[in-house]
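Participant: Okay, so here is final.cif, and as you'll see once you scroll down, it has mmCIF, C-alpha atoms.
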```cif
data_data
loop_
_atom_site.label_atom_id
_atom_site.label_comp_id
_atom_site.auth_asym_id
_atom_site.auth_seq_id
_atom_site.Cartn_x
_atom_site.Cartn_y
_atom_site.Cartn_z
CA MET A 1 -32.03 3.54 -9.84
CA ARG A 2 -32.47 3.40 -6.08
CA ASP A 3 -29.60 4.36 -3.78
CA VAL A 4 -28.46 1.12 -2.13
CA ALA A 5 -25.52 0.59 0.22
CA ILE A 6 -23.69 -2.18 2.03
CA VAL A 7 -24.15 -1.45 5.74
CA GLY A 8 -23.22 -4.72 7.46
CA PHE A 9 -20.59 -7.42 7.09
CA ALA A 10 -19.56 -10.48 9.09
CA GLN A 11 -17.30 -13.39 8.20
CA ARG A 12 -15.67 -16.53 9.55
CA GLN A 13 -12.62 -18.21 8.03
CA LEU A 14 -11.50 -21.27 9.96
CA GLN A 15 -7.83 -21.72 10.73
CA ASN A 16 -8.07 -25.51 10.84
CA PHE A 17 -10.54 -28.30 10.16
CA ASP A 18 -10.49 -30.21 13.47
CA GLY A 19 -13.97 -29.91 14.91
CA SER A 20 -14.97 -27.70 12.00
CA PRO A 21 -18.65 -26.86 12.47
CA MET A 22 -21.37 -27.58 9.96
CA CYS A 23 -22.35 -24.70 7.69
CA ALA A 24 -25.52 -23.98 9.65
CA GLU A 25 -23.48 -23.76 12.84
CA LEU A 26 -21.13 -21.30 11.14
CA LEU A 27 -24.01 -19.02 10.25
CA VAL A 28 -25.59 -18.64 13.71
CA PRO A 29 -22.86 -16.37 15.15
CA ILE A 30 -22.57 -14.49 11.84
CA PHE A 31 -26.27 -13.63 11.84
CA SER A 32 -25.97 -12.57 15.48
CA GLU A 33 -23.12 -10.27 14.51
CA ILE A 34 -25.00 -8.52 11.71
CA TYR A 35 -28.04 -8.09 13.97
CA GLU A 36 -25.76 -6.44 16.51
CA GLN A 37 -24.20 -4.19 13.85
CA THR A 38 -27.54 -3.02 12.49
CA GLY A 39 -29.78 -3.20 15.53
CA TRP A 40 -32.19 -5.23 13.42
CA THR A 41 -34.13 -8.37 14.13
CA LYS A 42 -35.28 -10.97 11.64
CA SER A 43 -38.43 -8.99 10.91
CA ASP A 44 -36.38 -6.02 9.65
CA VAL A 45 -34.90 -8.04 6.76
CA GLY A 46 -37.05 -7.82 3.65
CA PHE A 47 -35.18 -10.42 1.58
CA TRP A 48 -32.66 -13.19 2.20
CA CYS A 49 -30.44 -14.72 -0.48
CA SER A 50 -27.84 -17.45 0.02
CA GLY A 51 -24.95 -18.80 -2.02
CA SER A 52 -23.68 -22.35 -1.69
CA SER A 53 -23.32 -25.63 -3.58
CA ASP A 54 -24.81 -29.08 -3.07
CA TYR A 55 -21.75 -30.56 -4.81
CA LEU A 56 -19.49 -29.13 -2.12
CA ALA A 57 -21.80 -30.17 0.72
CA GLY A 58 -22.30 -33.64 -0.74
CA ARG A 59 -26.07 -33.73 -0.36
CA ALA A 60 -29.14 -32.41 -2.14
CA PHE A 61 -30.82 -29.18 -1.00
CA SER A 62 -28.08 -28.59 1.55
CA PHE A 63 -28.95 -24.89 1.67
CA VAL A 64 -32.27 -25.70 3.35
CA SER A 65 -30.52 -26.63 6.60
CA ALA A 66 -28.68 -23.32 6.47
CA ILE A 67 -31.96 -21.45 6.02
CA ASP A 68 -33.11 -23.08 9.26
CA THR A 69 -30.63 -20.78 11.03
CA ILE A 70 -32.74 -17.80 9.96
CA GLY A 71 -35.71 -19.28 11.78
CA VAL A 72 -38.63 -21.27 10.47
CA LEU A 73 -41.44 -19.01 11.67
CA PRO A 74 -42.57 -16.58 10.55
CA PRO A 75 -41.71 -17.47 6.92
CA VAL A 76 -39.19 -15.26 5.11
CA ASN A 77 -38.78 -13.96 1.57
CA GLU A 78 -35.83 -16.08 0.42
CA SER A 79 -33.83 -17.16 -2.63
CA HIS A 80 -30.66 -19.13 -3.39
CA VAL A 81 -27.87 -19.11 -5.97
CA GLU A 82 -25.57 -22.04 -6.72
CA MET A 83 -22.64 -19.64 -6.75
CA ASP A 84 -20.52 -17.47 -4.51
CA ALA A 85 -22.49 -15.25 -2.15
CA ALA A 86 -21.32 -12.26 -4.19
CA TRP A 87 -23.97 -13.30 -6.72
CA ALA A 88 -26.49 -13.62 -3.90
CA LEU A 89 -25.61 -10.00 -3.08
CA TYR A 90 -26.20 -9.10 -6.73
CA GLU A 91 -29.65 -10.72 -6.65
CA ALA A 92 -30.44 -8.96 -3.36
CA TRP A 93 -29.39 -5.61 -4.88
CA LEU A 94 -31.68 -6.25 -7.86
CA LYS A 95 -34.51 -7.19 -5.51
CA ILE A 96 -34.19 -3.84 -3.74
CA GLN A 97 -34.04 -2.07 -7.12
CA THR A 98 -37.47 -3.51 -7.99
CA GLY A 99 -38.96 -1.68 -5.01
CA ASP A 100 -40.33 -4.87 -3.46
CA VAL A 101 -38.09 -4.51 -0.38
CA ASP A 102 -35.84 -1.92 1.23
CA THR A 103 -33.48 -4.25 3.10
CA ALA A 104 -31.73 -7.56 2.39
CA VAL A 105 -29.14 -9.99 3.71
CA ALA A 106 -26.93 -12.00 1.37
CA PHE A 107 -24.94 -14.85 2.85
CA GLY A 108 -22.81 -17.76 1.72
CA PHE A 109 -21.05 -20.75 3.21
CA GLY A 110 -18.80 -23.62 2.24
CA LYS A 111 -17.13 -26.54 3.97
CA SER A 112 -14.31 -27.28 1.57
CA SER A 113 -12.69 -29.77 3.95
CA ALA A 114 -15.62 -32.18 3.55
CA GLY A 115 -14.13 -33.56 0.33
CA GLN A 116 -11.27 -33.13 -2.12
CA LEU A 117 -11.85 -29.58 -3.32
CA ARG A 118 -9.61 -29.79 -6.38
CA ARG A 119 -11.66 -32.74 -7.65
CA THR A 120 -15.07 -31.43 -6.61
CA LEU A 121 -14.58 -28.23 -8.62
CA ALA A 122 -14.19 -30.29 -11.79
CA MET A 123 -18.00 -30.46 -11.68
CA GLN A 124 -18.14 -26.84 -12.86
CA LEU A 125 -16.52 -27.76 -16.18
CA ASP A 126 -18.28 -28.77 -19.39
CA PRO A 127 -20.06 -32.03 -18.46
CA TYR A 128 -19.48 -33.67 -21.86
CA THR A 129 -15.91 -32.88 -22.83
CA MET A 130 -14.08 -31.73 -19.68
CA THR A 131 -15.54 -33.13 -16.46
CA PRO A 132 -15.07 -36.80 -17.57
CA LEU A 133 -11.32 -36.08 -17.68
CA TRP A 134 -11.41 -34.77 -14.05
CA PRO A 135 -8.84 -32.00 -14.51
CA ASP A 136 -8.37 -30.43 -11.09
CA THR A 137 -8.45 -26.70 -10.47
CA VAL A 138 -4.79 -26.35 -9.51
CA SER A 139 -3.59 -28.16 -12.64
CA LEU A 140 -5.82 -25.98 -14.83
CA ALA A 141 -4.51 -22.85 -13.12
CA ALA A 142 -0.97 -24.10 -13.72
CA LEU A 143 -1.73 -24.37 -17.44
CA GLN A 144 -3.03 -20.80 -17.37
CA ALA A 145 0.05 -19.56 -15.51
CA ARG A 146 2.36 -21.37 -17.92
CA ALA A 147 0.59 -19.83 -20.92
CA GLY A 148 1.21 -16.36 -19.51
CA LEU A 149 4.83 -17.11 -18.67
CA ASP A 150 5.55 -18.51 -22.12
CA ALA A 151 3.89 -15.48 -23.74
CA GLY A 152 6.04 -13.12 -21.67
CA LEU A 153 3.01 -11.49 -20.03
CA TRP A 154 4.38 -12.04 -16.53
CA ASP A 155 7.24 -13.84 -14.81
CA GLU A 156 7.70 -15.84 -11.63
CA LYS A 157 9.08 -12.80 -9.77
CA GLN A 158 5.86 -10.90 -10.45
CA MET A 159 3.83 -13.84 -9.18
CA ALA A 160 5.99 -14.03 -6.05
CA ALA A 161 5.61 -10.28 -5.54
CA VAL A 162 1.82 -10.71 -5.44
CA VAL A 163 2.19 -13.41 -2.77
CA SER A 164 4.70 -11.41 -0.74
CA ARG A 165 2.45 -8.34 -0.62
CA SER A 166 -0.67 -10.41 0.14
CA MET A 167 0.93 -12.32 3.00
CA THR A 168 2.35 -9.12 4.48
CA ASP A 169 -1.04 -7.38 4.31
CA ALA A 170 -2.76 -10.42 5.80
CA GLU A 171 -0.76 -10.01 9.02
CA SER A 172 -3.13 -7.18 10.01
CA ASN A 173 -6.25 -9.21 9.12
CA PRO A 174 -7.49 -11.28 12.10
CA ASN A 175 -9.63 -13.39 9.76
CA ALA A 176 -6.75 -14.51 7.53
CA VAL A 177 -5.90 -18.21 7.66
CA ARG A 178 -2.49 -17.70 6.04
CA SER A 179 -0.15 -14.76 6.55
CA GLY A 180 3.47 -13.86 7.21
CA ALA A 181 5.89 -11.58 5.39
CA ARG A 182 8.17 -13.41 2.96
CA GLY A 183 10.72 -12.01 0.55
CA ILE A 184 10.48 -12.69 -3.16
CA ASP A 185 13.72 -14.71 -3.26
CA GLU A 186 12.56 -16.80 -0.31
CA LEU A 187 9.28 -17.56 -2.06
CA LEU A 188 11.00 -18.48 -5.32
CA ALA A 189 13.19 -20.96 -3.44
CA LYS A 190 10.15 -23.00 -2.44
CA PRO A 191 9.53 -26.25 -4.36
CA MET A 192 7.04 -26.51 -7.19
CA PHE A 193 3.56 -27.74 -6.34
CA SER A 194 2.04 -27.89 -9.82
CA ASP A 195 4.61 -26.39 -12.19
CA PRO A 196 4.84 -23.37 -12.46
CA LEU A 197 2.76 -22.88 -9.29
CA ARG A 198 4.13 -23.22 -5.79
CA LYS A 199 1.80 -23.82 -2.84
CA HIS A 200 1.86 -20.16 -1.86
CA ASP A 201 0.61 -19.25 -5.36
CA CYS A 202 -2.66 -21.07 -4.57
CA ALA A 203 -5.39 -19.99 -2.18
CA PRO A 204 -5.56 -22.27 0.87
CA VAL A 205 -8.46 -24.69 1.24
CA THR A 206 -10.71 -22.88 3.69
CA ASP A 207 -13.98 -23.50 5.52
CA GLY A 208 -16.04 -20.41 6.21
CA ALA A 209 -19.09 -18.24 5.79
CA VAL A 210 -20.06 -14.64 5.17
CA ALA A 211 -23.07 -12.33 5.50
CA LEU A 212 -23.60 -8.89 3.97
CA VAL A 213 -26.39 -6.41 4.70
CA LEU A 214 -27.93 -4.15 2.07
CA ALA A 215 -30.27 -1.23 2.68
CA ALA A 216 -31.81 1.49 0.53
CA GLY A 217 -31.86 5.26 1.09
CA ASP A 218 -32.70 6.41 4.60
CA LYS A 219 -32.66 2.81 5.86
CA ALA A 220 -28.94 2.72 5.08
CA ARG A 221 -28.31 6.08 6.73
CA GLU A 222 -29.97 4.84 9.91
CA ILE A 223 -27.36 2.08 10.19
CA ARG A 224 -24.15 3.75 9.04
CA GLU A 225 -22.95 7.32 9.23
CA ASN A 226 -20.93 6.61 6.09
CA PRO A 227 -22.61 3.80 4.10
CA ALA A 228 -20.81 2.14 1.18
CA TRP A 229 -23.12 3.24 -1.64
CA ILE A 230 -23.17 0.98 -4.69
CA THR A 231 -22.71 3.16 -7.78
CA GLY A 232 -21.99 0.39 -10.27
CA PHE A 233 -22.67 -3.34 -10.35
CA ALA A 234 -22.18 -5.67 -13.32
CA HIS A 235 -21.65 -9.34 -14.19
CA ASN A 236 -20.15 -10.79 -17.34
CA THR A 237 -19.00 -14.22 -18.46
CA ASP A 238 -16.71 -15.89 -20.95
CA GLY A 239 -17.37 -19.20 -22.67
CA LEU A 240 -17.24 -22.38 -20.62
CA GLN A 241 -15.13 -24.25 -23.18
CA LEU A 242 -11.54 -23.45 -22.23
CA GLY A 243 -10.35 -23.83 -25.81
CA THR A 244 -12.57 -21.01 -27.04
CA ARG A 245 -10.88 -18.20 -25.09
CA ASP A 246 -7.45 -16.79 -24.41
CA LEU A 247 -6.69 -17.91 -20.87
CA THR A 248 -4.06 -15.21 -20.36
CA ILE A 249 -6.65 -12.42 -20.39
CA SER A 250 -10.13 -11.93 -18.92
CA GLY A 251 -12.50 -10.31 -21.37
CA SER A 252 -15.45 -10.81 -19.04
CA ALA A 253 -13.69 -8.98 -16.19
CA GLU A 254 -12.89 -6.10 -18.53
CA ARG A 255 -16.49 -5.89 -19.75
CA ALA A 256 -17.91 -6.12 -16.23
CA GLY A 257 -15.56 -3.39 -15.03
CA GLN A 258 -16.59 -1.08 -17.85
CA ALA A 259 -20.30 -1.77 -17.25
CA ALA A 260 -19.84 -1.01 -13.54
CA GLY A 261 -18.53 2.43 -14.40
CA GLY A 262 -14.81 1.95 -14.95
CA THR A 263 -11.95 2.42 -12.55
CA ASP A 264 -11.33 6.19 -12.60
CA GLY A 265 -10.81 7.42 -9.05
CA ILE A 266 -10.62 3.93 -7.52
CA GLU A 267 -8.39 3.97 -4.43
CA VAL A 268 -8.79 0.40 -3.19
CA ALA A 269 -9.64 -2.76 -5.17
CA GLU A 270 -10.41 -6.05 -3.47
CA LEU A 271 -9.82 -8.71 -6.13
CA HIS A 272 -10.97 -12.32 -5.85
CA ALA A 273 -7.87 -13.99 -7.30
CA PRO A 274 -7.45 -17.57 -6.01
CA PHE A 275 -4.06 -17.86 -7.76
CA SER A 276 -1.25 -15.30 -7.78
CA HIS A 277 -1.08 -14.91 -11.57
CA GLN A 278 -4.84 -14.31 -11.73
CA GLU A 279 -4.38 -11.05 -9.83
CA LEU A 280 -2.06 -9.93 -12.63
CA ILE A 281 -4.70 -10.84 -15.22
CA LEU A 282 -7.42 -8.98 -13.32
CA ARG A 283 -5.33 -5.86 -12.75
CA SER A 284 -4.71 -5.64 -16.47
CA ALA A 285 -8.33 -6.40 -17.42
CA LEU A 286 -9.71 -3.79 -15.03
CA GLY A 287 -7.08 -1.18 -15.82
CA LEU A 288 -5.88 -0.81 -12.23
CA GLY A 289 -2.73 1.26 -11.93
CA ASP A 290 0.06 1.22 -9.38
CA ASP A 291 -1.70 3.97 -7.42
CA VAL A 292 -4.53 1.57 -6.47
CA SER A 293 -4.18 -0.43 -3.26
CA ILE A 294 -4.85 -4.05 -4.21
CA SER A 295 -6.54 -6.39 -1.72
CA PRO A 296 -5.18 -4.80 1.48
CA SER A 297 -7.00 -7.51 3.45
CA GLY A 298 -4.60 -10.09 2.02
CA GLY A 299 -7.07 -11.23 -0.61
CA ALA A 300 -8.03 -14.77 -1.50
CA LEU A 301 -4.44 -16.01 -1.09
CA SER A 302 -4.85 -15.45 2.66
CA GLY A 303 -8.14 -17.39 2.84
CA ASN A 304 -10.75 -18.42 0.31
CA PRO A 305 -13.80 -20.23 1.68
CA MET A 306 -15.78 -21.57 -1.25
CA PHE A 307 -19.00 -19.65 -1.95
CA ALA A 308 -17.95 -16.97 0.54
CA GLY A 309 -14.49 -15.85 -0.65
CA GLY A 310 -15.84 -13.54 -3.36
CA ALA A 311 -18.42 -11.91 -1.11
CA ILE A 312 -15.75 -11.34 1.53
CA ARG A 313 -13.98 -9.09 -0.98
CA PHE A 314 -17.14 -6.94 -1.10
CA GLY A 315 -17.26 -6.65 2.67
CA GLU A 316 -13.57 -5.83 2.96
CA ALA A 317 -13.95 -3.11 0.33
CA ALA A 318 -17.03 -1.67 2.05
CA LYS A 319 -15.09 -1.42 5.32
CA ARG A 320 -12.70 1.04 3.65
CA ILE A 321 -15.64 3.33 3.01
CA TRP A 322 -17.03 2.92 6.52
CA ASP A 323 -13.73 3.83 8.21
CA ARG A 324 -13.13 6.67 5.70
CA SER A 325 -9.74 5.29 4.60
CA ALA A 326 -11.05 5.45 1.02
CA SER A 327 -13.86 7.30 -0.74
CA LYS A 328 -14.18 5.08 -3.84
CA VAL A 329 -13.50 1.36 -3.94
CA LEU A 330 -13.93 -1.61 -6.24
CA SER A 331 -14.78 -5.18 -5.30
CA HIS A 332 -14.60 -8.23 -7.51
CA ALA A 333 -15.68 -11.87 -7.39
CA THR A 334 -15.04 -14.72 -9.79
CA SER A 335 -16.72 -18.06 -10.37
CA GLY A 336 -16.23 -20.94 -12.74
CA PRO A 337 -12.97 -22.24 -14.23
CA LEU A 338 -10.07 -19.85 -14.75
CA LEU A 339 -11.85 -16.53 -14.25
CA GLN A 340 -14.79 -17.56 -16.46
CA GLN A 341 -17.38 -15.40 -14.69
CA ASN A 342 -16.68 -12.05 -13.10
CA LEU A 343 -18.75 -9.69 -10.96
CA VAL A 344 -17.58 -6.12 -10.36
CA CYS A 345 -18.99 -3.58 -7.93
CA VAL A 346 -18.00 0.04 -7.40
CA MET A 347 -18.82 1.71 -4.08
CA GLU A 348 -18.51 5.34 -3.00
CA ALA A 349 -18.80 7.25 0.25
CA ALA A 350 -21.07 10.25 -0.34
CA ARG A 351 -24.47 9.72 -1.95
#
```
What is this structure when it is put down as structure tokens?
Facilitator:
Amino acid sequence: MRDVAIVGFAQRQLQNFDGSPMCAELLVPIFSEIYEQTGWTKSDVGFWCSGSSDYLAGRAFSFVSAIDTIGVLPPVNESHVEMDAAWALYEAWLKIQTGDVDTAVAFGFGKSSAGQLRRTLAMQLDPYTMTPLWPDTVSLAALQARAGLDAGLWDEKQMAAVVSRSMTDAESNPNAVRSGARGIDELLAKPMFSDPLRKHDCAPVTDGAVALVLAAGDKAREIRENPAWITGFAHNTDGLQLGTRDLTISGSAERAGQAAGGTDGIEVAELHAPFSHQELILRSALGLGDDVSISPSGGALSGNPMFAGGAIRFGEAAKRIWDRSASKVLSHATSGPLLQQNLVCVMEAAR
């Protein structure tokens, strides 16, 4: 396997939707930022891979307009995934592993405010038995949370504790769209949104974009004194039919974590948990103990742009390696209904 590291990261999470730019407009300053970080130009990037969704954008081949921000000429080596940009990063990592290229940029973007996100995401369900019922994502998550509560796997105080810690951590994150320290009792006094979930238990609807830079070997060392070397990377999935799996656990997250090398020595874990109880599921599935710092950026509860929120977790984790606040980190992204698909990456400092 080739030594590959994350060496660049830029993101935008919009605080409000008034005058919210189109996705292509979001990407222009992000690409400028990663060029500034790396000292590269377009010609230095061997492969580009994007993550987005036509269903979210509301038009066919919407990613083509975003590719225009790269520049039409000369042509580029490019691919696209209809998923979070974390999976675009996975494809870019595999592309480098083939030896075809030494450098890559993975990026993603989503304008969730363009429609009703809860309804749009019903399109990811089984098209024959589930989508025609139009169950929205928050209601499904509430069913999952209720199943865990009734089984005694967690309680509302534990869910509120996740929110309290996330909102406190988010105060130091300039990119967070929601932050502010709140006590557990104060959070539990808030009204129900979709029983047993309160609004703070759900990630805010967010417009945004992300770009991550990958480089192999000496190329990475030219950019960063302390690159975030990828030592494990794995994807796993559970069945799409919600009735065929136990919604209170995540077997796919557990299998992906094991395939990525396990969690021994992990100091920081950035988890893509769009609902408070899902962090509890992921911590258990990945075997993360109390000694691991969980989503110190504030996590998805502080901002979760569709098709960028998962990849942002990878960038936030890589930053802990760059600034030497951690020597081994884990990043995670999820896609599909109720933690159906999970991608886990382990990064280390010295390579």
Participant: Hey, which of A:Asp68, A:Asp54, A:Asp323, A:Glu33 ends up closest to Glu82 of chain A? Count all atoms listed in the file.
Facilitator: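 Distance minimum relative to Glu82 of chain A lands on A:Asp54.
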Participant: Expanded to explicit residues, what is the PyMOL selection byres ((chain A and resi 302) around 12) for this file, as a ChimeraX atom specification?
Facilitator: /A:13-15,162-181,200-206,272-276,295-301,303-305,309,312-313
Participant: For segment 241-249 of chain A, list every protein, DNA or RNA residue within 6 Å, evaluated using only C-alpha atoms, and leave out those in the same chain fewer than 3 positions away; present the list as a ChimeraX atom specification.
Facilitator: /A:144,148,281
Participant: Go ahead and compute the interatomic distance for atom CA of Ala259 of chain A and atom CA of His235 of chain A, in Å to one decimal.
Facilitator: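 Separation of atom CA of Ala259 of chain A and atom CA of His235 of chain A: 8.3 Å.
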Participant: Mind checking which residues fall within 6 Å of Ser52 of chain A, counting only C-alpha atoms, ignoring those fewer than 5 positions away in the same chain, and posting them as a list of chain:residue names?
Facilitator: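 Skipping anything fewer than 5 positions along the chain leaves A:Glu82, A:Met83, A:Gly108, A:Phe109, A:Phe307.
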Participant: Starting from the displayed file, determine the output of the PyMOL selection byres ((chain A and resi 282) around 12) and express the residue list as a ChimeraX atom specification.
Facilitator: /A:247-257,269-281,283-289,294-295,331-334,338-344
Participant: When the PyMOL selection byres ((chain A and resi 24) around 9) is applied to the file above, which residues end up in the set, as number ranges by chain?
Facilitator: A: 21-23, 25-28, 63, 65-69, 109
Participant: Please report the interatomic distance between atom CA of Asn77 of chain A and atom CA of Phe31 of chain A in Å with one decimal.
Facilitator: 16.2 Å
Participant: Measuring atom to atom with only C-alpha atoms, identify which of A:Cys49, A:Val101, A:Asp291, A:Ile96 is nearest to Glu78 of chain A.
Facilitator: A:Cys49
Participant: Using only C-alpha atoms, which residue out of A:Ala5, A:Val81, A:Ala88, A:Leu73 lies closest to Ala211 of chain A?
Facilitator: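 The answer is A:Ala88, which sits nearest to Ala211 of chain A.
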Participant: Would you mind telling me which residue in A:Glu156, A:Asp136, A:Asp3, A:Glu36 lies nearest to Gly99 of chain A when using only C-alpha atoms?
Facilitator: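 The closest residue to Gly99 of chain A is A:Asp3.
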Participant: Find the residue from A:Pro127, A:Gly115, A:Pro132, A:Gly262 that sits nearest to Ala57 of chain A; use all atoms listed in the file when measuring.
Facilitator: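 Residue with the minimum atom-to-atom distance to Ala57 of chain A: A:Gly115.
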Participant: Atoms are missing here; could segment 55-81 of chain A be completed with N, CA and C atoms and written as a PDB file, in the frame of the given file?
Facilitator:
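Result written to rebuild.pdb:
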```pdb
ATOM      1  N   TYR A  55     -22.904 -29.715  -4.465  1.00  0.00           N
ATOM      2  CA  TYR A  55     -21.750 -30.560  -4.810  1.00  0.00           C
ATOM      3  C   TYR A  55     -20.685 -30.486  -3.724  1.00  0.00           C
ATOM      4  N   LEU A  56     -20.491 -29.292  -3.174  1.00  0.00           N
ATOM      5  CA  LEU A  56     -19.490 -29.130  -2.120  1.00  0.00           C
ATOM      6  C   LEU A  56     -19.968 -29.779  -0.828  1.00  0.00           C
ATOM      7  N   ALA A  57     -21.251 -29.613  -0.519  1.00  0.00           N
ATOM      8  CA  ALA A  57     -21.800 -30.170   0.720  1.00  0.00           C
ATOM      9  C   ALA A  57     -21.974 -31.682   0.637  1.00  0.00           C
ATOM     10  N   GLY A  58     -22.152 -32.200  -0.581  1.00  0.00           N
ATOM     11  CA  GLY A  58     -22.300 -33.640  -0.740  1.00  0.00           C
ATOM     12  C   GLY A  58     -23.695 -34.159  -0.493  1.00  0.00           C
ATOM     13  N   ARG A  59     -24.694 -33.265  -0.528  1.00  0.00           N
ATOM     14  CA  ARG A  59     -26.070 -33.730  -0.360  1.00  0.00           C
ATOM     15  C   ARG A  59     -27.015 -32.726  -1.017  1.00  0.00           C
ATOM     16  N   ALA A  60     -28.168 -33.248  -1.438  1.00  0.00           N
ATOM     17  CA  ALA A  60     -29.140 -32.410  -2.140  1.00  0.00           C
ATOM     18  C   ALA A  60     -29.808 -31.413  -1.204  1.00  0.00           C
ATOM     19  N   PHE A  61     -30.121 -30.237  -1.732  1.00  0.00           N
ATOM     20  CA  PHE A  61     -30.820 -29.180  -1.000  1.00  0.00           C
ATOM     21  C   PHE A  61     -30.155 -28.867   0.342  1.00  0.00           C
ATOM     22  N   SER A  62     -28.819 -28.846   0.317  1.00  0.00           N
ATOM     23  CA  SER A  62     -28.080 -28.590   1.550  1.00  0.00           C
ATOM     24  C   SER A  62     -28.350 -27.193   2.098  1.00  0.00           C
ATOM     25  N   PHE A  63     -28.737 -26.262   1.210  1.00  0.00           N
ATOM     26  CA  PHE A  63     -28.950 -24.890   1.670  1.00  0.00           C
ATOM     27  C   PHE A  63     -30.178 -24.771   2.578  1.00  0.00           C
ATOM     28  N   VAL A  64     -31.064 -25.768   2.526  1.00  0.00           N
ATOM     29  CA  VAL A  64     -32.270 -25.700   3.350  1.00  0.00           C
ATOM     30  C   VAL A  64     -31.911 -25.736   4.837  1.00  0.00           C
ATOM     31  N   SER A  65     -30.920 -26.571   5.190  1.00  0.00           N
ATOM     32  CA  SER A  65     -30.520 -26.630   6.600  1.00  0.00           C
ATOM     33  C   SER A  65     -29.914 -25.319   7.056  1.00  0.00           C
ATOM     34  N   ALA A  66     -29.249 -24.621   6.119  1.00  0.00           N
ATOM     35  CA  ALA A  66     -28.680 -23.320   6.470  1.00  0.00           C
ATOM     36  C   ALA A  66     -29.786 -22.293   6.675  1.00  0.00           C
ATOM     37  N   ILE A  67     -30.835 -22.382   5.872  1.00  0.00           N
ATOM     38  CA  ILE A  67     -31.960 -21.450   6.020  1.00  0.00           C
ATOM     39  C   ILE A  67     -32.633 -21.634   7.379  1.00  0.00           C
ATOM     40  N   ASP A  68     -32.543 -22.843   7.925  1.00  0.00           N
ATOM     41  CA  ASP A  68     -33.110 -23.080   9.260  1.00  0.00           C
ATOM     42  C   ASP A  68     -32.498 -22.144  10.292  1.00  0.00           C
ATOM     43  N   THR A  69     -31.268 -21.678  10.062  1.00  0.00           N
ATOM     44  CA  THR A  69     -30.630 -20.780  11.030  1.00  0.00           C
ATOM     45  C   THR A  69     -31.292 -19.407  11.049  1.00  0.00           C
ATOM     46  N   ILE A  70     -32.003 -19.068   9.972  1.00  0.00           N
ATOM     47  CA  ILE A  70     -32.740 -17.800   9.960  1.00  0.00           C
ATOM     48  C   ILE A  70     -33.908 -17.888  10.926  1.00  0.00           C
ATOM     49  N   GLY A  71     -34.527 -19.068  10.954  1.00  0.00           N
ATOM     50  CA  GLY A  71     -35.710 -19.280  11.780  1.00  0.00           C
ATOM     51  C   GLY A  71     -36.884 -19.675  10.909  1.00  0.00           C
ATOM     52  N   VAL A  72     -37.566 -20.701  11.304  1.00  0.00           N
ATOM     53  CA  VAL A  72     -38.630 -21.270  10.470  1.00  0.00           C
ATOM     54  C   VAL A  72     -39.869 -20.371  10.444  1.00  0.00           C
ATOM     55  N   LEU A  73     -40.237 -19.837  11.575  1.00  0.00           N
ATOM     56  CA  LEU A  73     -41.440 -19.010  11.670  1.00  0.00           C
ATOM     57  C   LEU A  73     -41.081 -17.637  12.245  1.00  0.00           C
ATOM     58  N   PRO A  74     -41.702 -16.582  11.726  1.00  0.00           N
ATOM     59  CA  PRO A  74     -42.570 -16.580  10.550  1.00  0.00           C
ATOM     60  C   PRO A  74     -41.775 -16.794   9.268  1.00  0.00           C
ATOM     61  N   PRO A  75     -42.413 -17.212   8.177  1.00  0.00           N
ATOM     62  CA  PRO A  75     -41.710 -17.470   6.920  1.00  0.00           C
ATOM     63  C   PRO A  75     -41.021 -16.196   6.411  1.00  0.00           C
ATOM     64  N   VAL A  76     -39.938 -16.396   5.635  1.00  0.00           N
ATOM     65  CA  VAL A  76     -39.190 -15.260   5.110  1.00  0.00           C
ATOM     66  C   VAL A  76     -39.199 -15.284   3.578  1.00  0.00           C
ATOM     67  N   ASN A  77     -38.931 -14.131   3.012  1.00  0.00           N
ATOM     68  CA  ASN A  77     -38.780 -13.960   1.570  1.00  0.00           C
ATOM     69  C   ASN A  77     -37.340 -14.363   1.236  1.00  0.00           C
ATOM     70  N   GLU A  78     -37.174 -15.474   0.516  1.00  0.00           N
ATOM     71  CA  GLU A  78     -35.830 -16.080   0.420  1.00  0.00           C
ATOM     72  C   GLU A  78     -35.553 -16.601  -0.976  1.00  0.00           C
ATOM     73  N   SER A  79     -34.263 -16.597  -1.356  1.00  0.00           N
ATOM     74  CA  SER A  79     -33.830 -17.160  -2.630  1.00  0.00           C
ATOM     75  C   SER A  79     -32.431 -17.748  -2.449  1.00  0.00           C
ATOM     76  N   HIS A  80     -31.957 -18.459  -3.486  1.00  0.00           N
ATOM     77  CA  HIS A  80     -30.660 -19.130  -3.390  1.00  0.00           C
ATOM     78  C   HIS A  80     -29.985 -19.127  -4.752  1.00  0.00           C
ATOM     79  N   VAL A  81     -28.657 -18.973  -4.751  1.00  0.00           N
ATOM     80  CA  VAL A  81     -27.870 -19.110  -5.970  1.00  0.00           C
ATOM     81  C   VAL A  81     -26.827 -20.196  -5.763  1.00  0.00           C
TER      82      VAL A  81
END
```
